[in-house]
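Enquirer: Structure file work-v2.txt, compact mmCIF, C-alpha atoms, is pasted below:
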# COMPACT_ATOMS: atom_id res chain seq x y z
CA MET A 1 17.51 -33.73 -10.19
CA SER A 2 19.02 -35.50 -7.21
CA SER A 3 17.12 -38.56 -6.05
CA TYR A 4 17.55 -37.27 -2.51
CA PHE A 5 15.77 -33.98 -3.14
CA ASP A 6 12.81 -33.52 -0.79
CA PRO A 7 10.80 -30.38 -1.63
CA THR A 8 8.93 -30.54 1.68
CA SER A 9 12.13 -30.02 3.65
CA GLU A 10 14.82 -28.54 1.40
CA LEU A 11 12.65 -25.70 0.12
CA TRP A 12 12.02 -24.47 3.66
CA LYS A 13 14.70 -22.77 5.76
CA TRP A 14 13.37 -22.91 9.29
CA ASN A 15 16.76 -21.99 10.78
CA SER A 16 16.85 -18.65 8.94
CA PRO A 17 18.26 -15.72 10.98
CA VAL A 18 15.14 -13.75 10.04
CA TRP A 19 13.39 -15.27 13.06
CA LEU A 20 15.68 -13.23 15.34
CA LEU A 21 14.51 -10.03 13.65
CA VAL A 22 10.86 -11.12 13.75
CA LEU A 23 10.99 -12.01 17.46
CA SER A 24 12.79 -8.74 18.28
CA LEU A 25 10.17 -6.70 16.44
CA ILE A 26 7.38 -8.60 18.20
CA GLY A 27 8.99 -7.82 21.57
CA PHE A 28 9.29 -4.10 20.80
CA TYR A 29 5.76 -3.98 19.47
CA ILE A 30 4.31 -5.56 22.61
CA LEU A 31 6.38 -3.20 24.77
CA PHE A 32 5.41 0.06 23.03
CA HIS A 33 1.93 -0.73 21.70
CA GLN A 34 -0.03 -2.05 24.64
CA GLY A 35 -3.79 -1.70 24.20
CA THR A 36 -3.55 -1.48 20.40
CA SER A 37 -6.69 -2.26 18.40
CA GLY A 38 -7.25 -5.68 16.91
CA LYS A 39 -7.01 -4.28 13.38
CA ARG A 40 -3.53 -2.89 14.04
CA ILE A 41 -2.41 -6.13 15.68
CA ALA A 42 -3.63 -8.06 12.63
CA SER A 43 -1.63 -5.72 10.36
CA PHE A 44 1.49 -6.26 12.45
CA ALA A 45 1.00 -10.04 12.47
CA PHE A 46 0.66 -10.04 8.68
CA ALA A 47 3.80 -7.89 8.30
CA MET A 48 5.80 -10.30 10.46
CA PHE A 49 4.38 -13.32 8.62
CA ALA A 50 5.33 -11.79 5.26
CA LEU A 51 8.82 -10.95 6.53
CA ALA A 52 9.38 -14.49 7.79
CA MET A 53 8.05 -16.10 4.60
CA ALA A 54 10.31 -13.89 2.46
CA TYR A 55 13.26 -15.86 3.86
CA ALA A 56 12.11 -19.11 5.47
CA SER A 57 9.70 -20.26 2.73
CA PRO A 58 10.54 -21.52 -0.80
CA ILE A 59 10.52 -17.87 -1.88
CA GLY A 60 13.59 -17.20 0.22
CA VAL A 61 15.33 -20.44 -0.71
CA LEU A 62 14.77 -20.09 -4.46
CA SER A 63 15.67 -16.38 -4.44
CA ASP A 64 19.14 -17.35 -3.19
CA GLY A 65 20.64 -17.77 -6.64
CA TYR A 66 18.06 -20.14 -8.18
CA LEU A 67 15.12 -18.22 -9.65
CA PHE A 68 15.08 -14.56 -10.60
CA SER A 69 11.27 -14.56 -10.30
CA ALA A 70 11.53 -15.68 -6.65
CA HIS A 71 14.14 -12.97 -6.13
CA VAL A 72 11.66 -10.36 -7.44
CA ILE A 73 8.84 -11.67 -5.23
CA GLN A 74 11.09 -11.51 -2.16
CA HIS A 75 12.08 -7.93 -2.86
CA LEU A 76 8.53 -6.80 -3.54
CA ILE A 77 7.55 -8.26 -0.18
CA LEU A 78 10.39 -6.41 1.54
CA LEU A 79 9.80 -3.13 -0.28
CA LEU A 80 6.00 -2.92 -0.47
CA ILE A 81 4.22 -5.42 1.78
CA VAL A 82 6.20 -5.51 5.04
CA PRO A 83 6.69 -1.71 5.39
CA LEU A 84 3.08 -0.94 4.43
CA PHE A 85 1.49 -3.26 6.97
CA PHE A 86 4.07 -2.34 9.61
CA LEU A 87 3.08 1.34 9.29
CA LEU A 88 -0.60 0.39 9.38
CA SER A 89 0.03 -1.49 12.64
CA LEU A 90 1.50 1.50 14.50
CA SER A 91 -0.56 3.39 17.03
CA GLU A 92 -0.94 7.09 16.33
CA THR A 93 -0.59 7.93 20.03
CA ALA A 94 2.55 5.85 20.59
CA THR A 95 4.17 7.07 17.36
CA GLU A 96 3.31 10.70 18.13
CA LYS A 97 5.19 10.42 21.44
CA ILE A 98 8.33 9.37 19.53
CA PHE A 99 8.01 12.10 16.91
CA ARG A 100 7.56 14.89 19.48
CA HIS A 101 11.35 14.89 19.87
CA PRO A 102 12.79 17.71 17.70
CA PHE A 103 15.13 15.40 15.74
CA MET A 104 12.43 12.81 15.07
CA ASN A 105 9.98 15.57 14.15
CA ARG A 106 12.43 16.91 11.56
CA LEU A 107 13.00 13.37 10.28
CA GLY A 108 9.25 12.85 9.96
CA HIS A 109 8.89 16.03 7.93
CA VAL A 110 11.82 15.08 5.68
CA LEU A 111 10.25 11.68 5.00
CA ALA A 112 6.96 13.44 4.27
CA VAL A 113 8.54 15.24 1.30
CA PRO A 114 7.04 13.32 -1.64
CA PHE A 115 10.22 13.28 -3.73
CA VAL A 116 12.20 11.64 -0.89
CA GLY A 117 9.83 8.70 -0.52
CA TRP A 118 9.20 8.33 -4.23
CA LEU A 119 12.90 8.34 -5.10
CA SER A 120 13.64 5.90 -2.27
CA GLY A 121 10.98 3.40 -3.31
CA LEU A 122 11.64 3.49 -7.04
CA GLY A 123 15.35 4.20 -6.85
CA VAL A 124 16.24 1.20 -4.71
CA MET A 125 14.48 -1.19 -7.10
CA TRP A 126 16.17 0.25 -10.18
CA PHE A 127 19.55 0.51 -8.41
CA TRP A 128 19.70 -3.11 -7.28
CA HIS A 129 18.72 -4.38 -10.73
CA VAL A 130 21.77 -2.96 -12.43
CA PRO A 131 23.29 -6.30 -13.61
CA SER A 132 26.65 -5.92 -11.86
CA LEU A 133 25.06 -4.85 -8.56
CA CYS A 134 22.32 -7.49 -8.71
CA ASN A 135 24.91 -10.17 -9.38
CA ALA A 136 27.24 -9.01 -6.60
CA ALA A 137 24.44 -8.82 -4.00
CA THR A 138 23.20 -12.30 -4.96
CA GLU A 139 26.63 -13.90 -4.64
CA ASN A 140 27.86 -11.98 -1.57
CA TYR A 141 25.93 -12.73 1.64
CA ALA A 142 26.89 -9.52 3.50
CA LEU A 143 26.05 -7.33 0.53
CA GLY A 144 22.78 -9.21 0.13
CA ILE A 145 21.84 -8.40 3.74
CA PHE A 146 22.65 -4.74 3.14
CA ARG A 147 20.56 -4.75 -0.05
CA ASP A 148 17.57 -6.27 1.76
CA ALA A 149 17.89 -3.70 4.56
CA THR A 150 17.77 -0.91 1.98
CA PHE A 151 14.55 -2.41 0.58
CA LEU A 152 12.89 -2.36 4.00
CA LEU A 153 14.02 1.18 4.81
CA ALA A 154 13.13 2.47 1.35
CA GLY A 155 9.71 0.87 1.70
CA LEU A 156 9.11 2.70 4.97
CA ALA A 157 10.17 5.97 3.35
CA PHE A 158 7.93 5.31 0.34
CA TRP A 159 4.76 4.61 2.31
CA TRP A 160 5.38 7.21 5.03
CA PRO A 161 3.76 10.23 3.26
CA ILE A 162 0.67 8.11 2.51
CA PHE A 163 0.11 5.87 5.54
CA SER A 164 2.17 7.37 8.34
CA PRO A 165 0.37 6.78 11.66
CA VAL A 166 0.91 10.49 12.43
CA LYS A 167 -1.56 12.30 10.18
CA ARG A 168 0.32 15.60 10.13
CA PHE A 169 2.96 13.89 7.97
CA HIS A 170 0.43 12.92 5.28
CA ILE A 171 0.68 14.68 1.93
CA PRO A 172 -2.55 16.08 0.39
CA SER A 173 -4.76 13.45 -1.23
CA SER A 174 -4.38 14.97 -4.70
CA GLN A 175 -0.59 14.69 -4.42
CA ALA A 176 -0.88 11.17 -3.02
CA VAL A 177 -2.80 10.01 -6.11
CA ILE A 178 -0.14 11.44 -8.43
CA TYR A 179 2.60 9.99 -6.19
CA LEU A 180 1.20 6.46 -6.43
CA PHE A 181 0.27 6.65 -10.11
CA SER A 182 3.77 7.82 -11.07
CA ALA A 183 5.24 5.01 -8.94
CA CYS A 184 3.14 2.57 -10.98
CA LEU A 185 4.63 4.04 -14.16
CA GLY A 186 8.15 3.63 -12.74
CA CYS A 187 7.55 -0.04 -11.91
CA THR A 188 5.96 -0.57 -15.32
CA LEU A 189 9.02 0.78 -17.13
CA LEU A 190 11.35 -1.42 -15.08
CA GLY A 191 9.10 -4.44 -15.59
CA ILE A 192 8.96 -3.86 -19.36
CA TYR A 193 12.74 -3.53 -19.51
CA ILE A 194 13.32 -6.75 -17.56
CA THR A 195 10.67 -8.65 -19.53
CA PHE A 196 11.87 -7.75 -23.01
CA THR A 197 15.60 -7.13 -22.68
CA VAL A 198 17.90 -9.66 -24.35
CA ILE A 199 20.59 -9.36 -21.68
CA SER A 200 20.60 -11.07 -18.31
CA VAL A 201 19.52 -8.57 -15.65
CA CYS A 202 21.11 -10.70 -12.93
CA PRO A 203 23.75 -13.08 -14.38
CA ALA A 204 23.83 -15.17 -11.18
CA PHE A 205 20.40 -16.56 -12.10
CA ALA A 206 21.39 -17.32 -15.71
CA ASN A 207 23.85 -20.01 -14.57
CA PRO A 208 22.80 -21.00 -11.04
CA VAL A 209 24.86 -23.30 -8.86
CA ASP A 210 22.44 -26.16 -8.25
CA ARG A 211 23.17 -26.88 -4.59
CA LEU A 212 19.75 -28.47 -4.04
CA GLY A 213 19.61 -30.51 -7.23
CA ILE A 214 16.36 -28.83 -8.28
CA MET A 215 17.21 -26.98 -11.49
CA ASN A 216 16.69 -29.91 -13.88
CA MET A 217 13.20 -30.35 -12.50
CA LEU A 218 12.47 -26.64 -13.01
CA TYR A 219 13.90 -26.68 -16.53
CA ASP A 220 11.80 -29.73 -17.39
CA GLN A 221 8.74 -27.67 -16.42
CA GLY A 222 9.79 -24.98 -18.91
CA LEU A 223 11.21 -22.54 -16.36
CA THR A 224 14.45 -21.78 -18.21
CA PRO A 225 16.55 -18.71 -17.25
CA GLY A 226 15.01 -16.69 -20.10
CA THR A 227 11.45 -17.62 -19.14
CA ASP A 228 12.28 -17.02 -15.48
CA GLN A 229 13.53 -13.49 -16.21
CA ARG A 230 10.44 -12.66 -18.27
CA LEU A 231 8.26 -13.92 -15.42
CA GLY A 232 10.26 -11.75 -13.02
CA GLY A 233 9.67 -8.74 -15.25
CA LEU A 234 5.92 -9.35 -15.26
CA LEU A 235 5.96 -9.70 -11.48
CA MET A 236 7.82 -6.39 -11.24
CA TRP A 237 5.17 -4.84 -13.43
CA VAL A 238 1.69 -6.12 -12.53
CA PRO A 239 1.53 -6.77 -8.73
CA PRO A 240 3.06 -3.41 -7.67
CA CYS A 241 0.68 -1.46 -9.92
CA SER A 242 -2.24 -3.47 -8.56
CA LEU A 243 -1.18 -2.54 -5.03
CA TYR A 244 -0.74 1.12 -6.00
CA VAL A 245 -4.21 1.21 -7.58
CA SER A 246 -5.66 -0.29 -4.38
CA ALA A 247 -3.86 2.38 -2.35
CA ILE A 248 -5.21 5.07 -4.68
CA MET A 249 -8.74 3.82 -3.98
CA VAL A 250 -8.07 4.13 -0.24
CA ILE A 251 -6.75 7.66 -0.76
CA LEU A 252 -9.81 8.64 -2.82
CA LYS A 253 -12.06 7.30 -0.07
CA ARG A 254 -10.10 9.31 2.51
CA TRP A 255 -10.32 12.38 0.29
CA TYR A 256 -14.08 12.04 -0.10
CA SER A 257 -14.49 11.58 3.68
CA ASP A 258 -12.45 14.74 4.32
CA ILE A 259 -14.62 16.68 1.87
CA GLU A 260 -17.78 15.44 3.57
CA GLN A 261 -16.46 16.37 7.02
CA THR A 262 -15.47 19.83 5.81
CA ALA A 263 -18.87 20.35 4.20
CA SER A 264 -20.64 19.19 7.36
CA ALA A 265 -18.55 21.51 9.50
CA ASN A 266 -19.25 24.45 7.18
CA THR A 267 -22.98 23.67 7.19
CA ALA A 268 -23.01 23.46 10.98
CA GLY A 269 -21.10 26.73 11.21
CA THR A 270 -23.48 28.48 8.82
CA THR A 271 -26.53 27.19 10.71
CA GLY A 272 -25.07 28.38 13.98
CA SER A 273 -24.35 31.83 12.54
CA LEU A 274 -27.93 32.14 11.26
CA ARG A 275 -29.31 31.19 14.66
CA GLU A 276 -27.14 33.77 16.35
CA ALA A 277 -28.24 36.42 13.82
CA ARG A 278 -31.93 35.65 14.45
CA GLN A 279 -31.43 35.94 18.20
Have the structure of the file written as structure tokens, please.

Expert:
Amino acid sequence: MSSYFDPTSELWKWNSPVWLLVLSLIGFYILFHQGTSGKRIASFAFAMFALAMAYASPIGVLSDGYLFSAHVIQHLILLLIVPLFFLLSLSETATEKIFRHPFMNRLGHVLAVPFVGWLSGLGVMWFWHVPSLCNAATENYALGIFRDATFLLAGLAFWWPIFSPVKRFHIPSSQAVIYLFSACLGCTLLGIYITFTVISVCPAFANPVDRLGIMNMLYDQGLTPGTDQRLGGLLMWVPPCSLYVSAIMVILKRWYSDIEQTASANTAGTTGSLREARQ
């Protein structure tokens, strides 16, 4: 390790271009979501914080050709965390105005098709972990930007049928549970493959170019390329399924609330009919 290495400064990238995207999104959000509830504002703030930390923090620095595990964390943030909380931050009224346009309405219904979101969310993760593609996107800056953009867009498509701010695009709760459970299985299979395979899933991380002079320190702590890949596989496996299970619990709560509301409405209707019959 270089004697000049300072983890407090070199593992943070405060001049990352991601701040331009974050500030732009904040500006648009303020412009189109005036009067939004505090809960939605908190969701948006967390989404922007997660987006910034995915690049400006040690996660972003180490994912740039140093640690495969950091690379996995960054992509899980882009695919699952940022899109989810961004959708949760959107106002139903403001979003409905946008999706009244015929083209946007058709787009909303296309994204609400379960297979589209499911294939987007799972497909992009499997696609970008083909060794040749993972290696190319890690070593080529422009391709890496394109890859990260696909993670964000695929994440929006994945969560749209579940947490779209416009409720008419939601899929039935029973389908949503199957949707999320099968997504957990897809992540589990990918995580198991990455954890136990004997080949390097992303060769760029097997022989990193140590521009920061940090790799010897990491290797001394036991974080060799093999251990790093196994850790990445576990991260691909456990955290996503934990998030999916949490989302399933939210869906079950929503489902139960809908059943209660329907039962209450039916009871009220029956009572009203009996009163009318007596009169």

Enquirer: Select, counting all atoms listed in the file, all protein, DNA and RNA residues no farther than 10 Å from (5.7, -2.8, 1.3) in file coordinates, and express the selection as a list in words.

Expert: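 Those residues lying close to the given coordinates are Ala47, Ala50, His75, Leu76, Ile77, Leu78, Leu79, Leu80, Ile81, Val82, Pro83, Leu84, Phe85, Phe86, Leu87, Gly121, Phe151, Leu152, Leu153, Ala154, Gly155, Leu156, Phe158, Trp159, Pro240 and Leu243 of chain A.
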
Enquirer: Using only C-alpha atoms, which of A:Lys97, A:Asp258, A:Gly38, A:Ser246 sits nearest A:Val166?

Expert: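 Of A:Lys97, A:Asp258, A:Gly38, A:Ser246, the one nearest A:Val166, counting only C-alpha atoms, is A:Lys97.
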
Enquirer: Measuring between all atoms listed in the file, which one of A:Leu25, A:Val113, A:Leu31, A:Val130 shows the shortest distance to A:Val201?

Expert: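 With all atoms listed in the file as the atom set, the closest residue is A:Val130.
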
Enquirer: To one decimal place, how far is atom CA of A:Leu67 from atom CA of A:Gly144 in Å?

Expert: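 Going from atom CA of A:Leu67 over to atom CA of A:Gly144, I get 15.3 Å.
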
Enquirer: Leaving out A:Arg254 and any residue of its chain fewer than 5 positions from it, which residues lie within 12 Å of it when counting only C-alpha atoms, given as JSON, numbers by chain?

Expert: {"A": [162, 163, 167, 170, 172, 173, 174, 176, 177, 247, 248, 249, 259, 260, 261]}

Enquirer: Rounded to one decimal place, report the atom CA of A:Gly117-atom CA of A:Ile178 distance in Å.

Expert: 13.0 Å

Enquirer: Write a file for stretch 123-260 of chain A, containing C-alpha atoms (output as a CSV table (one decimal), in the first residue's frame).

Expert:
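Output file part-v8.csv is given in full below:
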chain,number,residue,atom,x,y,z
A,123,GLY,CA,-32.7,-9.6,-17.1
A,124,VAL,CA,-30.5,-6.6,-16.7
A,125,MET,CA,-28.7,-8.1,-13.7
A,126,TRP,CA,-28.1,-11.4,-15.4
A,127,PHE,CA,-27.1,-9.7,-18.7
A,128,TRP,CA,-24.5,-7.4,-17.2
A,129,HIS,CA,-22.9,-10.3,-15.3
A,130,VAL,CA,-22.0,-12.2,-18.4
A,131,PRO,CA,-18.1,-12.1,-17.9
A,132,SER,CA,-17.3,-10.5,-21.2
A,133,LEU,CA,-20.0,-7.8,-20.8
A,134,CYS,CA,-19.2,-7.2,-17.2
A,135,ASN,CA,-15.5,-6.8,-18.0
A,136,ALA,CA,-16.1,-4.5,-20.9
A,137,ALA,CA,-18.5,-2.2,-19.0
A,138,THR,CA,-16.0,-2.0,-16.1
A,139,GLU,CA,-13.1,-1.0,-18.3
A,140,ASN,CA,-15.0,1.3,-20.7
A,141,TYR,CA,-16.3,4.5,-19.1
A,142,ALA,CA,-19.0,5.2,-21.7
A,143,LEU,CA,-20.3,1.6,-21.7
A,144,GLY,CA,-20.3,1.8,-17.9
A,145,ILE,CA,-22.5,4.8,-18.0
A,146,PHE,CA,-24.9,3.1,-20.4
A,147,ARG,CA,-25.0,0.0,-18.1
A,148,ASP,CA,-25.8,2.1,-15.1
A,149,ALA,CA,-28.6,3.9,-17.0
A,150,THR,CA,-30.1,0.5,-17.9
A,151,PHE,CA,-30.1,-0.5,-14.2
A,152,LEU,CA,-32.0,2.7,-13.2
A,153,LEU,CA,-34.5,2.3,-16.0
A,154,ALA,CA,-35.0,-1.4,-15.4
A,155,GLY,CA,-35.5,-0.7,-11.8
A,156,LEU,CA,-38.3,1.7,-12.6
A,157,ALA,CA,-39.9,-0.8,-14.9
A,158,PHE,CA,-39.6,-3.6,-12.2
A,159,TRP,CA,-41.2,-1.6,-9.4
A,160,TRP,CA,-43.8,0.1,-11.6
A,161,PRO,CA,-46.5,-2.6,-11.4
A,162,ILE,CA,-46.2,-2.8,-7.6
A,163,PHE,CA,-45.6,0.8,-6.4
A,164,SER,CA,-46.6,3.0,-9.3
A,165,PRO,CA,-48.1,6.3,-7.9
A,166,VAL,CA,-51.0,5.8,-10.3
A,167,LYS,CA,-53.0,3.0,-8.8
A,168,ARG,CA,-54.7,1.9,-12.0
A,169,PHE,CA,-51.3,0.5,-13.1
A,170,HIS,CA,-51.0,-1.8,-10.1
A,171,ILE,CA,-51.3,-5.5,-10.7
A,172,PRO,CA,-53.5,-7.6,-8.4
A,173,SER,CA,-52.0,-8.3,-5.0
A,174,SER,CA,-52.0,-12.1,-5.6
A,175,GLN,CA,-50.0,-11.5,-8.8
A,176,ALA,CA,-47.7,-9.1,-7.0
A,177,VAL,CA,-46.8,-11.7,-4.4
A,178,ILE,CA,-45.9,-14.2,-7.1
A,179,TYR,CA,-44.0,-11.5,-9.0
A,180,LEU,CA,-41.8,-10.6,-6.1
A,181,PHE,CA,-41.3,-14.2,-4.9
A,182,SER,CA,-40.2,-15.3,-8.3
A,183,ALA,CA,-37.8,-12.3,-8.5
A,184,CYS,CA,-36.3,-13.5,-5.2
A,185,LEU,CA,-35.7,-16.9,-6.8
A,186,GLY,CA,-34.1,-15.3,-9.8
A,187,CYS,CA,-31.6,-13.3,-7.6
A,188,THR,CA,-31.0,-16.4,-5.6
A,189,LEU,CA,-30.0,-18.4,-8.6
A,190,LEU,CA,-27.6,-15.7,-9.8
A,191,GLY,CA,-26.2,-15.2,-6.3
A,192,ILE,CA,-25.6,-19.0,-6.0
A,193,TYR,CA,-23.9,-19.1,-9.4
A,194,ILE,CA,-21.6,-16.1,-8.6
A,195,THR,CA,-20.8,-17.5,-5.1
A,196,PHE,CA,-19.8,-21.0,-6.1
A,197,THR,CA,-18.5,-20.7,-9.7
A,198,VAL,CA,-14.8,-21.4,-10.2
A,199,ILE,CA,-14.5,-18.8,-13.0
A,200,SER,CA,-14.2,-15.1,-12.7
A,201,VAL,CA,-17.6,-13.5,-13.3
A,202,CYS,CA,-15.9,-10.1,-14.0
A,203,PRO,CA,-12.2,-10.6,-14.9
A,204,ALA,CA,-11.5,-6.9,-14.4
A,205,PHE,CA,-11.8,-7.4,-10.6
A,206,ALA,CA,-9.6,-10.5,-10.6
A,207,ASN,CA,-6.5,-8.4,-11.6
A,208,PRO,CA,-7.3,-4.8,-10.7
A,209,VAL,CA,-5.1,-1.9,-11.6
A,210,ASP,CA,-4.2,-0.5,-8.2
A,211,ARG,CA,-4.4,3.2,-9.0
A,212,LEU,CA,-5.0,4.1,-5.3
A,213,GLY,CA,-2.5,1.8,-3.8
A,214,ILE,CA,-5.1,0.1,-1.7
A,215,MET,CA,-5.2,-3.5,-2.9
A,216,ASN,CA,-2.4,-4.8,-0.7
A,217,MET,CA,-4.2,-3.5,2.4
A,218,LEU,CA,-7.4,-5.3,1.3
A,219,TYR,CA,-5.5,-8.5,0.5
A,220,ASP,CA,-3.9,-8.4,3.9
A,221,GLN,CA,-7.4,-8.3,5.4
A,222,GLY,CA,-8.2,-11.5,3.5
A,223,LEU,CA,-10.3,-9.8,0.8
A,224,THR,CA,-8.7,-11.7,-2.1
A,225,PRO,CA,-10.4,-11.7,-5.6
A,226,GLY,CA,-11.9,-15.1,-4.8
A,227,THR,CA,-13.3,-14.1,-1.4
A,228,ASP,CA,-14.5,-10.8,-2.9
A,229,GLN,CA,-16.5,-12.6,-5.7
A,230,ARG,CA,-18.0,-15.0,-3.1
A,231,LEU,CA,-19.0,-11.9,-1.0
A,232,GLY,CA,-20.5,-10.3,-4.1
A,233,GLY,CA,-22.5,-13.5,-4.8
A,234,LEU,CA,-23.9,-13.4,-1.2
A,235,LEU,CA,-24.8,-9.7,-1.6
A,236,MET,CA,-26.6,-10.6,-4.9
A,237,TRP,CA,-28.5,-13.2,-3.0
A,238,VAL,CA,-29.5,-12.1,0.5
A,239,PRO,CA,-30.2,-8.3,0.4
A,240,PRO,CA,-32.5,-8.4,-2.7
A,241,CYS,CA,-34.6,-11.3,-1.3
A,242,SER,CA,-34.9,-9.4,2.0
A,243,LEU,CA,-36.2,-6.4,0.2
A,244,TYR,CA,-38.6,-8.5,-1.8
A,245,VAL,CA,-39.9,-10.2,1.3
A,246,SER,CA,-40.4,-6.7,2.9
A,247,ALA,CA,-42.3,-5.6,-0.3
A,248,ILE,CA,-44.4,-8.8,-0.1
A,249,MET,CA,-45.4,-7.8,3.5
A,250,VAL,CA,-46.5,-4.4,2.2
A,251,ILE,CA,-48.5,-6.0,-0.6
A,252,LEU,CA,-50.2,-8.4,1.9
A,253,LYS,CA,-51.1,-5.5,4.1
A,254,ARG,CA,-52.6,-3.6,1.1
A,255,TRP,CA,-54.5,-6.8,0.1
A,256,TYR,CA,-56.0,-7.2,3.5
A,257,SER,CA,-57.0,-3.5,3.6
A,258,ASP,CA,-58.7,-3.8,0.2
A,259,ILE,CA,-60.6,-6.9,1.5
A,260,GLU,CA,-61.7,-5.0,4.6
